[in-house]
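What follows is a single structure, written as C-alpha cells, with notes after it.
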Amino acid sequence: MPIVSCCWWIMVHPPPSIGISAMHMQLLPDDRVVMYDHTNFGVFNISLPNGKCRPNSNDFSAHSVEYDVVSNTIRPLMVLTNVWCSLGTLMPDGRLVQTGGWADGYRKVRIYKSCGTCDWKEIPNRLNQQRWYATNHLLPDGRQIITGGRQAFDYEFYPKMTASENSPSFHFWFTQMILMLRIIYNHLYFSIQTGICLSQ
C-alpha cells in the first residue's frame, strides 16, 4: 500500500515566537487559545501593555498570552502568581478555572474568561491545601474535584459549598501508594454508574 502524504504542519504566527514558552495551553470556546508558563525563571519576550509590571517584581513581561486563531494575533495577559505545574478545567460557561502551582501559586484559583480586553482574575488562598502537580475534573454539578498533588494526600472541591468545607483525606492505603510511587498528575475518570475512578 503506498504512503499518501496528505498533511503537514505550518507556522501560523510569524517568527520568531509568541513571546512565552507555553507550558500550559487551553483551547477556548471562542476559537482563542490561552497559554501560560512559570513566573520564577526570569522575563519572557513579550511585554505587558501600558508599562504594567507584576507585583513585587521588576518583571514587565507577560507570562501568559491569548492567541486569536481567526485574526492570527497574540495578546499579552497578566498572570500574577506562579502557574508552574498547576492544573485547570474548562467550565460549561467557557471560563477556564485554573488552580494551584508553585510557591506563591500553591493555593490560588485563577479564572480566565476570554473577551477582547479580559485578563486573569486571581482569588488568593481559595484552596485548602497546596496544589502542585494535582488533577482537576469537572463534575456533573458544575464543580471541580481537585485531587492530590505533591505532598497533598486529600481532595477538595471548587467552588466550595460553604466557606468551611474541608479537604477529606484519601484512605490510608492510597496515601501509602502515593508516598511509594510519588504519584503526580493522576488520571481521573467519572462514570455515572461507579463515580470517580483515580489511576496513575
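Naming scheme: A, B, ... for chains in displayed order of the C-alpha cells; residues 1 onward per chain; ligands 1 onward as shown.
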Do you have, as CSV, the list of residues of region 87-193 of chain A lying at most 10 Å from region 38-55 of chain A, each with its nearest atom pair and that distance in Å to one decimal, counting only C-alpha atoms and ordered by chain then number?
```
residue,atom,partner,partner_atom,distance
A:Gly101,CA,A:His38,CA,8.7
A:Trp102,CA,A:His38,CA,8.3
A:Ala103,CA,A:Asn40,CA,9.2
A:Asp104,CA,A:Thr39,CA,9.8
A:Gly105,CA,A:Thr39,CA,9.7
```
Let's have the selection written as an mmCIF file, in the first residue's frame, with all heavy atoms.
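The resulting out-v5.cif:
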```cif
data_model
loop_
_atom_site.group_PDB
_atom_site.id
_atom_site.type_symbol
_atom_site.label_atom_id
_atom_site.label_comp_id
_atom_site.auth_asym_id
_atom_site.auth_seq_id
_atom_site.Cartn_x
_atom_site.Cartn_y
_atom_site.Cartn_z
ATOM 1 N N GLY A 101 -0.234 25.540 41.618
ATOM 2 C CA GLY A 101 1.015 25.984 41.011
ATOM 3 C C GLY A 101 2.141 25.867 42.013
ATOM 4 O O GLY A 101 2.080 25.103 42.968
ATOM 5 N N TRP A 102 3.160 26.665 41.801
ATOM 6 C CA TRP A 102 4.368 26.596 42.616
ATOM 7 C C TRP A 102 4.494 27.841 43.469
ATOM 8 O O TRP A 102 4.136 28.944 43.055
ATOM 9 C CB TRP A 102 5.577 26.452 41.706
ATOM 10 C CG TRP A 102 6.904 26.573 42.383
ATOM 11 C CD1 TRP A 102 7.792 27.595 42.253
ATOM 12 C CD2 TRP A 102 7.494 25.645 43.302
ATOM 13 N NE1 TRP A 102 8.893 27.367 43.022
ATOM 14 C CE2 TRP A 102 8.740 26.171 43.683
ATOM 15 C CE3 TRP A 102 7.082 24.432 43.848
ATOM 16 C CZ2 TRP A 102 9.584 25.523 44.581
ATOM 17 C CZ3 TRP A 102 7.926 23.787 44.739
ATOM 18 C CH2 TRP A 102 9.158 24.332 45.087
ATOM 19 N N ALA A 103 5.025 27.688 44.691
ATOM 20 C CA ALA A 103 5.376 28.807 45.587
ATOM 21 C C ALA A 103 4.184 29.726 45.834
ATOM 22 O O ALA A 103 3.224 29.312 46.462
ATOM 23 C CB ALA A 103 6.589 29.553 45.036
ATOM 24 N N ASP A 104 4.226 30.958 45.321
ATOM 25 C CA ASP A 104 3.124 31.886 45.602
ATOM 26 C C ASP A 104 1.825 31.478 44.913
ATOM 27 O O ASP A 104 0.771 32.053 45.164
ATOM 28 C CB ASP A 104 3.497 33.326 45.230
ATOM 29 C CG ASP A 104 3.769 33.523 43.747
ATOM 30 O OD1 ASP A 104 3.862 32.521 43.001
ATOM 31 O OD2 ASP A 104 3.906 34.682 43.327
ATOM 32 N N GLY A 105 1.869 30.433 44.075
ATOM 33 C CA GLY A 105 0.666 29.960 43.399
ATOM 34 C C GLY A 105 0.024 28.736 44.028
ATOM 35 O O GLY A 105 -1.015 28.278 43.566
#
```
(message) Please identify the strand (DSSP E or B) residues within chain A (assignment by DSSP from backbone atoms) and present them as a PyMOL selection string.
(response) chain A and resi 24-27+32-36+47+61+64-68+73-77+87-90+96-99+109-112+121-123+135-138+144-147+154-158+169+187-191+195-199
(request) Using only C-alpha atoms, pick whichever of A:Arg143, A:Cys118, A:Val34, A:Val69 has the shortest atom-to-atom distance to Asp93 (chain A). (result) A:Arg143
(request) Between A:Ser191, A:Asn128, A:Gln98, A:Asn56, single out the one closest to Met35 (chain A), counting only C-alpha atoms. (result)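 The shortest atom-to-atom distance to Met35 (chain A) comes from A:Gln98.
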(message) Given only C-alpha atoms as the basis, pick out the residue of A:Leu28, A:Ile111, A:Ile18, A:Leu87 nearest to Ile145 (chain A).
(response)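 Closest candidate: A:Leu87.
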(message) Between A:Cys115, A:Ala62, A:Leu139, A:Leu127, which residue has the minimum interatomic distance to Met91 (chain A), considering only C-alpha atoms?
(response)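 Nearest to Met91 (chain A): A:Leu139.
Excluding Gln129 (chain A) itself and same-chain residues fewer than 3 positions from it, the residues having an atom within 8 Å of it are Tyr106, Arg107, Ala152 and Ser167 of chain A, counting only C-alpha atoms.
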Restricted to N, CA, C and O atoms, what would the selected residues look like written as a compact mmCIF listing (two decimals), in the first residue's frame?
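The new file out.txt reads:
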```txt
# COMPACT_ATOMS: atom_id res chain seq x y z
N TYR A 106 0.64 28.18 45.07
CA TYR A 106 0.17 26.92 45.67
C TYR A 106 -1.33 26.84 45.91
O TYR A 106 -1.96 25.84 45.60
N ARG A 107 -1.91 27.88 46.52
CA ARG A 107 -3.30 27.80 46.97
C ARG A 107 -4.21 28.77 46.20
O ARG A 107 -5.31 29.06 46.62
N ALA A 152 0.18 16.33 49.01
CA ALA A 152 -1.24 16.62 49.30
C ALA A 152 -2.02 15.32 49.15
O ALA A 152 -2.31 14.90 48.03
N SER A 167 -11.08 19.37 53.36
CA SER A 167 -10.46 18.52 52.35
C SER A 167 -10.34 17.11 52.92
O SER A 167 -9.41 16.82 53.66
```
(request) Just the residues within 10 Å of region 157-163 of chain A, please, counting only C-alpha atoms, with nothing from its chain fewer than 2 positions along; format it as an MDAnalysis selection string. (result) chainID A and resid 97 99 109 126:128 136:139 142:147 155 165:167
(request) Go through A:Gly94, A:Pro168, A:Gly116, A:Gly88 one by one, measure the shortest atom-to-atom distance of each to Tyr133 (chain A) using only C-alpha atoms, and give the residue with the smallest value. (result) A:Gly88
(request) Could you give me, as an MDAnalysis selection string, the residues within 10 Å of Val33 (chain A), counting only C-alpha atoms and dropping anything in the same chain fewer than 4 positions from it? (result) chainID A and resid 25:29 65:69 74 114
